[in-house]
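Next comes data25.cif, with mmCIF, C-alpha atoms.
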data_model
loop_
_atom_site.label_atom_id
_atom_site.label_comp_id
_atom_site.auth_asym_id
_atom_site.auth_seq_id
_atom_site.Cartn_x
_atom_site.Cartn_y
_atom_site.Cartn_z
CA MET A 1 8.64 -18.03 5.20
CA THR A 2 9.66 -21.40 3.95
CA LEU A 3 10.60 -21.22 0.33
CA GLY A 4 10.76 -24.14 -2.04
CA CYS A 5 11.15 -24.61 -5.74
CA ALA A 6 8.32 -22.69 -7.31
CA ALA A 7 7.59 -20.81 -10.48
CA ALA A 8 4.91 -18.25 -11.01
CA PRO A 9 2.28 -19.04 -13.63
CA ALA A 10 3.43 -17.98 -17.07
CA SER A 11 0.45 -15.64 -17.24
CA SER A 12 2.06 -13.57 -14.52
CA GLY A 13 4.72 -12.52 -16.99
CA ALA A 14 8.42 -13.12 -17.25
CA LEU A 15 9.11 -9.84 -15.46
CA TYR A 16 6.56 -10.53 -12.73
CA ARG A 17 9.09 -10.30 -9.93
CA PHE A 18 10.22 -6.93 -11.21
CA THR A 19 6.78 -5.54 -11.97
CA ALA A 20 5.44 -6.68 -8.60
CA ALA A 21 8.31 -4.99 -6.78
CA TYR A 22 7.78 -1.80 -8.75
CA ALA A 23 4.01 -1.82 -8.34
CA GLY A 24 4.21 -2.40 -4.59
CA ASP A 25 6.63 0.45 -4.21
CA ALA A 26 4.56 2.71 -6.44
CA VAL A 27 1.25 2.25 -4.66
CA PHE A 28 2.15 1.78 -0.99
CA ILE A 29 5.77 1.22 -0.06
CA ALA A 30 7.50 4.31 -1.46
CA ASN A 31 4.89 6.59 0.09
CA ARG A 32 5.17 4.70 3.35
CA ARG A 33 8.88 5.39 3.43
CA LEU A 34 8.43 9.05 2.52
CA GLN A 35 5.88 9.45 5.29
CA CYS A 36 8.31 7.97 7.82
CA GLN A 37 11.09 10.21 6.57
CA THR A 38 8.83 13.24 6.79
CA TRP A 39 7.84 12.51 10.38
CA ALA A 40 11.44 11.91 11.40
CA ALA A 41 12.54 15.15 9.76
CA ALA A 42 9.89 17.01 11.74
CA GLY A 43 10.95 15.38 14.99
CA VAL A 44 7.66 13.53 15.37
CA PRO A 45 7.84 9.85 16.32
CA ALA A 46 7.07 7.42 13.51
CA TYR A 47 7.16 3.65 13.93
CA CYS A 48 7.30 1.89 10.59
CA TYR A 49 6.92 -1.75 9.72
CA ARG A 50 7.08 -4.36 7.00
CA PHE A 51 4.71 -7.27 7.54
CA ASN A 52 6.28 -10.49 6.32
CA ALA A 53 4.20 -13.39 7.63
CA GLN A 54 2.26 -15.40 5.10
CA PRO A 55 -1.19 -16.45 6.33
CA TYR A 56 -3.13 -19.42 5.04
CA GLY A 57 -4.65 -18.92 1.62
CA ASN A 58 -1.60 -17.47 -0.12
CA THR A 59 0.59 -19.25 -2.63
CA ILE A 60 4.35 -19.20 -2.49
CA TYR A 61 4.46 -16.88 -5.49
CA SER A 62 1.92 -14.49 -4.03
CA GLY A 63 4.29 -13.70 -1.18
CA VAL A 64 2.74 -11.49 1.48
CA PRO A 65 0.29 -9.32 -0.42
CA HIS A 66 -2.12 -6.62 0.67
CA PHE A 67 -4.39 -6.91 3.73
CA GLN A 68 -2.61 -9.92 5.24
CA GLU A 69 -1.58 -8.09 8.43
CA ILE A 70 -5.12 -7.24 9.49
CA ALA A 71 -5.89 -10.47 11.36
CA PHE A 72 -2.67 -10.01 13.32
CA VAL A 73 -3.10 -6.35 14.24
CA PHE A 74 -6.60 -7.12 15.51
CA ASP A 75 -5.62 -10.49 17.04
CA ASN A 76 -8.27 -12.44 15.17
CA PRO A 77 -7.01 -16.03 15.50
CA THR A 78 -10.41 -17.56 14.77
CA GLY A 79 -10.74 -15.68 11.51
CA LEU A 80 -13.94 -14.01 12.62
CA GLY A 81 -15.62 -12.39 9.64
CA TYR A 82 -13.52 -14.07 6.94
CA ALA A 83 -16.01 -16.75 5.92
CA PRO A 84 -17.46 -17.24 3.41
CA ALA A 85 -15.34 -14.85 1.38
CA ALA A 86 -11.99 -16.19 2.58
CA PRO A 87 -10.62 -18.93 4.83
CA ASN A 88 -9.39 -18.35 8.35
CA PRO A 89 -5.88 -16.97 7.79
CA PHE A 90 -4.60 -19.03 10.72
CA THR A 91 -5.75 -22.38 9.32
CA GLY A 92 -3.07 -24.98 9.91
CA LYS A 93 -0.53 -22.43 11.08
CA PRO A 94 1.91 -23.12 13.91
CA GLN A 95 1.81 -21.49 17.32
CA SER A 96 4.21 -18.79 16.17
CA PHE A 97 1.48 -17.24 14.02
CA PHE A 98 -0.84 -16.96 17.00
CA ASP A 99 2.00 -15.58 19.08
CA LEU A 100 2.72 -12.99 16.39
CA ALA A 101 -0.92 -11.86 16.49
CA THR A 102 -0.66 -11.47 20.25
CA LEU A 103 2.59 -9.56 19.96
CA MET A 104 1.41 -7.22 17.24
CA SER A 105 -1.98 -6.45 18.77
CA LYS A 106 -0.45 -5.68 22.14
CA THR A 107 2.14 -3.49 20.47
CA TRP A 108 -0.57 -1.54 18.67
CA ALA A 109 -2.59 -1.26 21.88
CA SER A 110 0.43 0.12 23.69
CA PHE A 111 0.92 2.74 20.97
CA ILE A 112 -2.74 3.73 21.05
CA ASN A 113 -2.65 4.02 24.82
CA SER A 114 0.58 5.93 25.27
CA GLY A 115 1.99 6.83 21.86
CA ASP A 116 4.79 4.34 22.48
CA PRO A 117 4.65 0.81 21.05
CA ASN A 118 7.39 -0.27 23.46
CA GLY A 119 7.68 -0.74 27.19
CA TRP A 120 4.47 -2.66 27.82
CA ILE A 121 4.31 -5.42 30.38
CA GLY A 122 5.27 -8.72 28.83
CA GLN A 123 6.94 -7.26 25.76
CA GLY A 124 9.54 -9.49 24.18
CA PRO A 125 13.18 -8.65 23.58
CA VAL A 126 12.66 -6.77 20.31
CA SER A 127 12.03 -3.04 20.52
CA TRP A 128 10.45 -1.09 17.70
CA PRO A 129 12.91 1.66 16.84
CA GLU A 130 11.63 5.15 16.24
CA TYR A 131 12.29 6.13 12.64
CA SER A 132 15.31 8.31 12.03
CA LEU A 133 16.90 9.91 9.01
CA SER A 134 20.46 9.06 10.00
CA ALA A 135 19.82 5.34 10.50
CA PRO A 136 16.32 4.57 9.22
CA GLN A 137 14.88 1.31 10.46
CA ASP A 138 11.58 -0.47 10.16
CA ILE A 139 10.47 -3.48 12.15
CA VAL A 140 9.75 -6.71 10.30
CA TRP A 141 6.93 -8.85 11.64
CA ASP A 142 7.65 -12.44 10.74
CA ALA A 143 6.23 -15.63 12.27
CA ASN A 144 9.21 -17.65 11.09
CA VAL A 145 11.98 -15.87 12.95
CA THR A 146 13.16 -16.00 16.53
CA ASN A 147 11.32 -13.42 18.65
CA LEU A 148 8.82 -12.91 15.78
CA ALA A 149 10.30 -9.57 14.82
CA TYR A 150 13.52 -7.77 14.03
CA ALA A 151 14.60 -4.31 13.01
CA GLU A 152 16.01 -3.88 9.52
CA ALA A 153 17.61 -0.97 7.73
CA ASP A 154 14.88 0.74 5.73
CA THR A 155 17.21 1.36 2.83
CA TRP A 156 16.29 -1.43 0.42
CA ARG A 157 15.38 -0.49 -3.18
CA ALA A 158 16.34 3.04 -2.21
CA GLU A 159 17.10 4.33 -5.68
CA GLY A 160 13.84 3.20 -7.21
CA ILE A 161 11.78 4.34 -4.24
CA GLU A 162 13.36 7.78 -4.27
CA LEU A 163 12.63 8.00 -7.97
CA ILE A 164 8.97 7.12 -7.44
CA ASN A 165 8.69 9.66 -4.64
CA SER A 166 10.19 12.34 -6.85
CA PHE A 167 7.20 11.96 -9.17
CA ASN A 168 4.43 12.40 -6.64
CA VAL A 169 3.19 15.66 -8.12
CA ALA A 170 3.20 14.15 -11.60
CA TYR A 171 1.23 11.29 -10.10
CA GLN A 172 -1.27 13.90 -8.84
CA ARG A 173 -1.02 12.82 -5.27
CA MET B 1 -1.52 3.69 9.05
CA GLU B 2 -2.28 0.67 6.92
CA SER B 3 -3.67 0.21 3.44
CA GLY B 4 -1.92 3.42 2.59
CA ASN B 5 -0.96 6.65 4.23
CA SER B 6 -1.13 10.38 3.57
CA ILE B 7 0.04 10.03 -0.02
CA PRO B 8 -2.60 7.89 -1.70
CA TYR B 9 -1.98 4.99 -4.01
CA SER B 10 -3.95 6.64 -6.77
CA GLY B 11 -3.77 10.03 -8.38
CA LEU B 12 -6.31 12.57 -7.15
CA GLN B 13 -8.67 14.83 -9.05
CA GLY B 14 -10.17 18.22 -8.39
CA SER B 15 -13.78 19.31 -8.07
CA ASP B 16 -13.91 19.97 -11.81
CA HIS B 17 -13.54 16.26 -12.44
CA TYR B 18 -16.29 15.27 -10.02
CA GLN B 19 -18.89 17.92 -10.82
CA PRO B 20 -20.17 16.15 -13.97
CA ILE B 21 -20.37 12.88 -12.01
CA TYR B 22 -22.34 14.63 -9.31
CA ASN B 23 -24.61 16.12 -11.94
CA THR B 24 -25.20 12.67 -13.40
CA ILE B 25 -26.29 11.36 -10.02
CA VAL B 26 -28.49 14.36 -9.40
CA ASN B 27 -30.20 13.89 -12.74
CA ALA B 28 -30.61 10.14 -12.30
CA THR B 29 -32.28 10.58 -8.92
CA GLY B 30 -34.70 13.26 -10.06
CA CYS B 31 -33.02 15.83 -7.85
CA HIS B 32 -32.11 18.20 -10.67
CA ASP B 33 -35.03 20.52 -9.93
CA ALA B 34 -34.31 20.74 -6.23
CA ILE B 35 -33.06 24.01 -4.79
CA ASP B 36 -30.66 22.07 -2.55
CA THR B 37 -29.57 19.10 -4.64
CA LEU B 38 -27.36 17.66 -1.91
CA GLN B 39 -30.20 17.66 0.60
CA CYS B 40 -32.39 16.03 -2.04
CA LEU B 41 -29.84 13.23 -2.38
CA ARG B 42 -29.73 12.82 1.38
CA GLU B 43 -33.47 12.26 1.41
CA ALA B 44 -33.67 10.08 -1.70
CA PRO B 45 -34.95 6.51 -1.24
CA PHE B 46 -32.19 3.93 -1.04
CA ASN B 47 -33.27 2.10 -4.18
CA THR B 48 -33.28 5.32 -6.19
CA LEU B 49 -29.85 6.33 -4.95
CA ASN B 50 -28.45 2.84 -5.38
CA ALA B 51 -29.66 2.63 -8.97
CA ALA B 52 -27.99 5.95 -9.75
CA ILE B 53 -24.68 5.19 -8.07
CA ASN B 54 -24.23 1.48 -8.65
CA VAL B 55 -23.08 1.75 -12.24
CA SER B 56 -19.50 1.09 -13.15
CA ARG B 57 -18.54 4.57 -14.27
CA ILE B 58 -19.63 6.03 -10.97
CA SER B 59 -19.16 3.21 -8.49
CA SER B 60 -15.40 3.24 -9.01
CA ALA B 61 -14.99 6.99 -8.81
CA TRP B 62 -14.89 7.61 -5.08
CA TYR B 63 -11.52 9.03 -4.28
CA PRO B 64 -10.63 12.03 -2.12
CA VAL B 65 -11.18 15.30 -3.95
CA VAL B 66 -8.55 17.99 -3.95
CA ASP B 67 -11.05 20.81 -3.53
CA GLY B 68 -8.65 23.35 -2.07
CA ASP B 69 -10.58 23.25 1.20
CA PHE B 70 -11.15 19.92 2.87
CA ILE B 71 -8.11 18.60 1.02
CA ALA B 72 -6.13 21.70 0.26
CA LYS B 73 -3.34 20.38 -1.93
CA TYR B 74 -1.80 17.18 -3.15
CA PRO B 75 -0.85 15.41 0.09
CA SER B 76 2.79 15.06 -0.99
CA ILE B 77 2.97 18.85 -1.16
CA GLN B 78 1.43 19.21 2.26
CA LEU B 79 3.91 16.77 3.72
CA ALA B 80 6.79 18.60 2.09
CA ASN B 81 5.51 21.87 3.57
CA GLY B 82 5.07 20.45 7.03
CA GLU B 83 1.31 20.93 6.75
CA PHE B 84 0.19 17.86 8.66
CA LEU B 85 -0.79 16.93 12.19
CA HIS B 86 2.39 16.46 14.15
CA VAL B 87 1.35 13.39 16.11
CA PRO B 88 3.10 10.02 16.43
CA ILE B 89 2.19 7.40 13.86
CA ILE B 90 2.53 3.74 13.05
CA ASP B 91 2.92 3.32 9.30
CA GLY B 92 3.58 0.12 7.42
CA ALA B 93 3.08 -2.02 4.37
CA ASN B 94 3.41 -5.67 3.47
CA SER B 95 6.35 -7.26 1.69
CA ASP B 96 4.56 -7.97 -1.56
CA GLU B 97 1.93 -5.27 -2.04
CA GLY B 98 2.61 -5.29 -5.77
CA VAL B 99 1.27 -8.83 -6.07
CA SER B 100 -2.12 -7.38 -5.23
CA PHE B 101 -1.91 -4.38 -7.51
CA GLY B 102 0.71 -4.93 -10.18
CA PRO B 103 0.16 -5.56 -13.86
CA ARG B 104 0.32 -9.14 -15.15
CA GLY B 105 1.86 -10.57 -18.25
CA ILE B 106 4.81 -8.19 -18.53
CA ASN B 107 7.60 -9.99 -20.38
CA THR B 108 9.90 -7.24 -21.60
CA SER B 109 11.17 -3.85 -20.49
CA ALA B 110 9.30 -2.27 -23.39
CA GLN B 111 6.06 -3.79 -22.19
CA PHE B 112 6.77 -2.54 -18.69
CA GLU B 113 7.36 1.01 -19.90
CA SER B 114 4.19 0.84 -21.92
CA ALA B 115 2.25 -0.45 -18.95
CA ILE B 116 3.26 2.29 -16.53
CA THR B 117 2.71 5.01 -19.09
CA GLY B 118 -0.61 3.70 -20.32
CA ALA B 119 -2.83 0.90 -19.24
CA TYR B 120 -1.51 0.58 -15.71
CA SER B 121 -3.81 3.28 -14.48
CA LEU B 122 -4.25 2.29 -10.85
CA LEU B 123 -1.55 4.69 -9.86
CA LEU B 124 -1.99 7.27 -12.54
CA THR B 125 -5.29 9.00 -12.96
CA HIS B 126 -3.71 10.50 -16.01
CA PRO B 127 -0.88 8.33 -17.32
CA LEU B 128 2.50 9.93 -17.29
CA SER B 129 3.42 11.53 -20.56
CA SER B 130 6.42 10.37 -22.49
CA THR B 131 8.14 13.57 -21.38
CA ASN B 132 7.94 13.16 -17.64
CA ILE B 133 8.44 9.41 -17.80
CA SER B 134 11.73 9.80 -19.63
CA GLN B 135 13.82 9.57 -16.49
CA PRO B 136 12.56 6.19 -15.31
CA ALA B 137 12.53 4.92 -18.86
CA GLN B 138 16.20 5.71 -19.18
CA SER B 139 17.00 4.09 -15.89
CA PRO B 140 17.75 0.41 -16.45
CA PRO B 141 15.28 -1.81 -14.67
CA GLU B 142 18.07 -3.50 -12.78
CA SER B 143 18.87 -0.31 -10.94
CA LEU B 144 15.28 -0.04 -9.80
CA SER B 145 14.95 -3.56 -8.59
CA LEU B 146 18.26 -4.55 -7.04
CA PRO B 147 18.79 -5.62 -4.42
CA LEU B 148 15.53 -7.45 -4.54
CA SER B 149 15.70 -8.62 -0.98
CA PRO B 150 13.57 -7.98 0.90
CA PRO B 151 11.29 -9.38 -0.18
CA SER B 152 12.63 -12.44 -1.89
CA TRP B 153 10.14 -15.13 -2.64
CA TYR B 154 11.57 -16.62 -5.82
CA PRO B 155 14.69 -18.43 -4.66
CA HIS B 156 14.42 -21.05 -7.38
CA ILE B 157 12.70 -20.50 -10.65
CA SER B 158 12.02 -23.17 -13.22
CA PRO B 159 13.14 -22.49 -16.79
CA PRO B 160 12.40 -20.69 -18.98
CA ILE B 161 11.25 -17.92 -16.67
CA SER B 162 14.44 -17.87 -14.63
CA ALA B 163 16.50 -15.82 -17.03
CA ILE B 164 14.84 -12.50 -16.34
CA LEU B 165 12.33 -13.03 -13.59
CA HIS B 166 14.74 -11.80 -10.95
CA ARG B 167 14.99 -8.47 -12.62
#
Show me this structure written as structure tokens.
Amino acid sequence: MTLGCAAAPASSGALYRFTAAYAGDAVFIANRRLQCQTWAAAGVPAYCYRFNAQPYGNTIYSGVPHFQEIAFVFDNPTGLGYAPAAPNPFTGKPQSFFDLATLMSKTWASFINSGDPNGWIGQGPVSWPEYSLSAPQDIVWDANVTNLAYAEADTWRAEGIELINSFNVAYQR
Amino acid sequence: MESGNSIPYSGLQGSDHYQPIYNTIVNATGCHDAIDTLQCLREAPFNTLNAAINVSRISSAWYPVVDGDFIAKYPSIQLANGEFLHVPIIDGANSDEGVSFGPRGINTSAQFESAITGAYSLLLTHPLSSTNISQPAQSPPESLSLPLSPPSWYPHISPPISAILHR
């Protein structure tokens, strides 16, 4: 996304960037990674993603929070069902956002149809790599990059995420 | 899988935790004298059921129950044991999930430690004790948070927040 000079509200806390990273890992991201690792270890295909497009209605310091991928997975460019609770997430967005919704929804449909998110007619140049333990990768969906997606090494914040995952039983989950 | 996966975002409880809640609903709906209380609830008028359930202590209590049957164990244990359906999956999360669920107003490491061992109860049904939290508490926050990219959505921070925000 386009980043400018911005500061979070003071009420967010001086450690907001740190606490937000920790909290996201603790509730969803660490367990997502562990699930992908578990599938790969069992030899079962897992396709893992990080959604990184920022729909209308978010501030620069809210980043890409929860739920934002839904309108893209379901290719909902008119924002059907959002009003009056929320604005159309595509309001004022460039064509790339609509193209990302098309790409993601077709990718999901391909997976649902065949178990493979790749190889469908009209797919772009980026393939979604199957998760592996030796070279773990997730796909990043991003409306602001060429081809709207790219594979990245799923190794970021590894130490903290492994620590969180080591406490799952203590977390009662 | 979206909005979570096999290992839930919140801690889970057993049937022992939910039985008193169930009893409260049964009593509030007048079903306490029924031979089959569950069937009584199924047949209760909507307004009666809604009045019994739509109170804060109960309306926020609907999580999966580790009953040893429908959900046999903590899901992390089942995954570790290979006790899951071996079918292909899509599984993902968004860059900044913690913006939606993280605590606010944390200014120091001490406050952070206090938050995750106490008031920050979204994750922890029972907050971690000081004993089993000792490992993360001893780990400097920097080691947990660096590298911070991805995601990185604070490239420039106005003073005075800048000094420690990137931690």
Could you give me, as a tab-separated table, a per-residue list for chain A showing, wherever an atom lies at most 6 Å from an atom of chain B, the closest pair of atoms and their distance in Å to one decimal, using all atoms listed in the file and sorting by chain then residue number from low to high?
residue	atom	partner	partner_atom	distance
A:Cys5	CA	B:His156	CA	5.1
A:Ala6	CA	B:Ile157	CA	5.9
A:Ala7	CA	B:Ile157	CA	5.1
A:Ser11	CA	B:Gly105	CA	5.4
A:Ser12	CA	B:Gly105	CA	4.8
A:Gly13	CA	B:Gly105	CA	3.7
A:Ala14	CA	B:Asn107	CA	4.5
A:Leu15	CA	B:Leu165	CA	4.9
A:Arg17	CA	B:Leu165	CA	5.6
A:Phe18	CA	B:Arg167	CA	5.2
A:Ala20	CA	B:Gly98	CA	4.2
A:Ala21	CA	B:Gly98	CA	5.8
A:Ala23	CA	B:Gly98	CA	4.5
A:Gly24	CA	B:Gly98	CA	3.5
A:Val27	CA	B:Tyr9	CA	4.3
A:Phe28	CA	B:Gly4	CA	5.7
A:Asn31	CA	B:Ile7	CA	5.9
A:Val44	CA	B:Pro88	CA	5.9
A:Pro45	CA	B:Pro88	CA	4.7
A:Ala46	CA	B:Ile89	CA	4.9
A:Tyr47	CA	B:Ile90	CA	4.7
A:Cys48	CA	B:Asp91	CA	4.8
A:Tyr49	CA	B:Gly92	CA	4.5
A:Arg50	CA	B:Asn94	CA	5.3
A:Phe51	CA	B:Asn94	CA	4.6
A:Asn52	CA	B:Ser95	CA	5.6
A:Gly63	CA	B:Asp96	CA	5.7
A:Val64	CA	B:Asp96	CA	5.0
A:Pro65	CA	B:Asp96	CA	4.6
A:His66	CA	B:Glu97	CA	5.1
A:Gly160	CA	B:Leu144	CA	4.4
A:Tyr171	CA	B:Gly11	CA	5.4
A:Gln172	CA	B:Gly11	CA	4.6
A:Arg173	CA	B:Tyr74	CA	4.9
Item to check | Straight-line distance linking CA of Leu34 in chain A with CA of Pro55 in chain A, stated in Å to one decimal | outcome: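 CA of Pro55 in chain A lies 27.5 Å from CA of Leu34 in chain A.
For the choices A:Gln54, A:Ser96, A:Asn88, A:Thr102, the atom-to-atom distance to Asp75 in chain A is smallest for A:Thr102 when using only C-alpha atoms.
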Item to check | Distance of CA of Trp62 in chain B from CA of Pro20 in chain B, expressed in Å to one decimal place | outcome: 13.4 Å
Checklist entry - Using the chain letters and numbers from the file, which residues does the PyMOL selection byres ((chain A and resi 154-159) around 6) grab, as a ChimeraX atom specification? => result /A:136-138,153,160-162
Checklist entry - Can you list, as a ChimeraX atom specification, the residues that the PyMOL selection byres ((chain B and resi 57) around 12) selects here? => result /B:18,20-22,24-25,52-56,58-62
Save the residues we just selected, C-alpha atoms, as a short mmCIF file (atom, residue, chain, number, x, y, z; two decimals), in the frame of the given file?
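New file selection.cif:
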data_model
loop_
_atom_site.label_atom_id
_atom_site.label_comp_id
_atom_site.auth_asym_id
_atom_site.auth_seq_id
_atom_site.Cartn_x
_atom_site.Cartn_y
_atom_site.Cartn_z
CA TYR B 18 -16.29 15.27 -10.02
CA PRO B 20 -20.17 16.15 -13.97
CA ILE B 21 -20.37 12.88 -12.01
CA TYR B 22 -22.34 14.63 -9.31
CA THR B 24 -25.20 12.67 -13.40
CA ILE B 25 -26.29 11.36 -10.02
CA ALA B 52 -27.99 5.95 -9.75
CA ILE B 53 -24.68 5.19 -8.07
CA ASN B 54 -24.23 1.48 -8.65
CA VAL B 55 -23.08 1.75 -12.24
CA SER B 56 -19.50 1.09 -13.15
CA ILE B 58 -19.63 6.03 -10.97
CA SER B 59 -19.16 3.21 -8.49
CA SER B 60 -15.40 3.24 -9.01
CA ALA B 61 -14.99 6.99 -8.81
CA TRP B 62 -14.89 7.61 -5.08
#
Put a box with edges along x, y and z around all the listed atoms of range 78-94 of chain B, pad it by 6 Å on each side, then give me its centre and sizes in Å, one decimal, as JSON.
{"center_x": 3.0, "center_y": 8.1, "center_z": 9.3, "size_x": 19.6, "size_y": 39.5, "size_z": 26.3}
Checklist entry - For Leu133 in chain A, which residue out of A:Ala170, A:Ala30, A:Ala42, A:Ala8 is the nearest one, using all atoms listed in the file? => result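 Comparing A:Ala170, A:Ala30, A:Ala42, A:Ala8 against Leu133 in chain A, the winner is A:Ala42.
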Checklist entry - Suppose you want the space between CA of Glu152 in chain A and CA of Phe90 in chain A; what is it in Å? => result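 For CA of Glu152 in chain A relative to CA of Phe90 in chain A, the distance reads 25.6 Å.
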Checklist entry - Within 12 Å of Ala44 in chain B, counting only C-alpha atoms, which residues qualify if same-chain residues fewer than 3 places away don't, as a list in words? => result Ile25, Val26, Ala28, Thr29, Gly30, Cys31, Ala34, Thr37, Leu38, Gln39, Cys40, Leu41, Asn47, Thr48, Leu49, Asn50, Ala51 and Ala52 of chain B
Item to check | Residues selected by the PyMOL selection byres ((chain A and resi 106) around 12), written as a ChimeraX atom specification | outcome: /A:72-75,99-105,107-113,116-124
Item to check | Long-range neighbours of Tyr150 in chain A as a list of chain:residue names, 9 Å cut-off, only C-alpha atoms, 4 positions minimum in chain | outcome: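 Using only C-alpha atoms, the neighbours found are A:Val126, A:Ser127, A:Trp128, A:Asp138, A:Ile139, A:Val140, A:Trp141, A:Asp142, A:Val145, A:Thr146.
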Could I get range 113-119 of chain A rebuilt with all heavy atoms, written as a short mmCIF file (atom, residue, chain, number, x, y, z; two decimals), in the coordinates of the input?
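result.cif was written with the following content:
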data_model
loop_
_atom_site.label_atom_id
_atom_site.label_comp_id
_atom_site.auth_asym_id
_atom_site.auth_seq_id
_atom_site.Cartn_x
_atom_site.Cartn_y
_atom_site.Cartn_z
N ASN A 113 -2.47 3.58 23.43
CA ASN A 113 -2.65 4.02 24.82
C ASN A 113 -1.69 5.14 25.19
O ASN A 113 -2.08 6.11 25.84
CB ASN A 113 -2.45 2.84 25.77
CG ASN A 113 -2.57 3.24 27.22
OD1 ASN A 113 -3.61 3.72 27.65
ND2 ASN A 113 -1.49 3.09 27.97
N SER A 114 -0.44 5.02 24.75
CA SER A 114 0.58 5.93 25.27
C SER A 114 1.37 6.65 24.19
O SER A 114 2.16 7.53 24.49
CB SER A 114 1.57 5.15 26.14
OG SER A 114 2.31 4.23 25.34
N GLY A 115 1.17 6.27 22.92
CA GLY A 115 1.99 6.83 21.86
C GLY A 115 3.32 6.12 21.70
O GLY A 115 4.13 6.49 20.85
N ASP A 116 3.54 5.09 22.52
CA ASP A 116 4.79 4.34 22.48
C ASP A 116 4.46 2.86 22.31
O ASP A 116 3.78 2.28 23.14
CB ASP A 116 5.58 4.57 23.77
CG ASP A 116 6.95 3.90 23.75
OD1 ASP A 116 7.26 3.16 22.78
OD2 ASP A 116 7.72 4.13 24.70
N PRO A 117 4.95 2.23 21.24
CA PRO A 117 4.65 0.81 21.05
C PRO A 117 5.53 -0.10 21.91
O PRO A 117 5.36 -1.32 21.90
CB PRO A 117 4.95 0.59 19.56
CG PRO A 117 6.03 1.59 19.26
CD PRO A 117 5.72 2.79 20.12
N ASN A 118 6.46 0.50 22.64
CA ASN A 118 7.39 -0.27 23.46
C ASN A 118 7.10 -0.07 24.95
O ASN A 118 6.37 0.83 25.34
CB ASN A 118 8.83 0.16 23.18
CG ASN A 118 9.22 -0.09 21.73
OD1 ASN A 118 9.12 -1.20 21.23
ND2 ASN A 118 9.64 0.98 21.04
N GLY A 119 7.70 -0.93 25.75
CA GLY A 119 7.68 -0.74 27.19
C GLY A 119 6.48 -1.33 27.89
O GLY A 119 6.31 -1.12 29.09
#
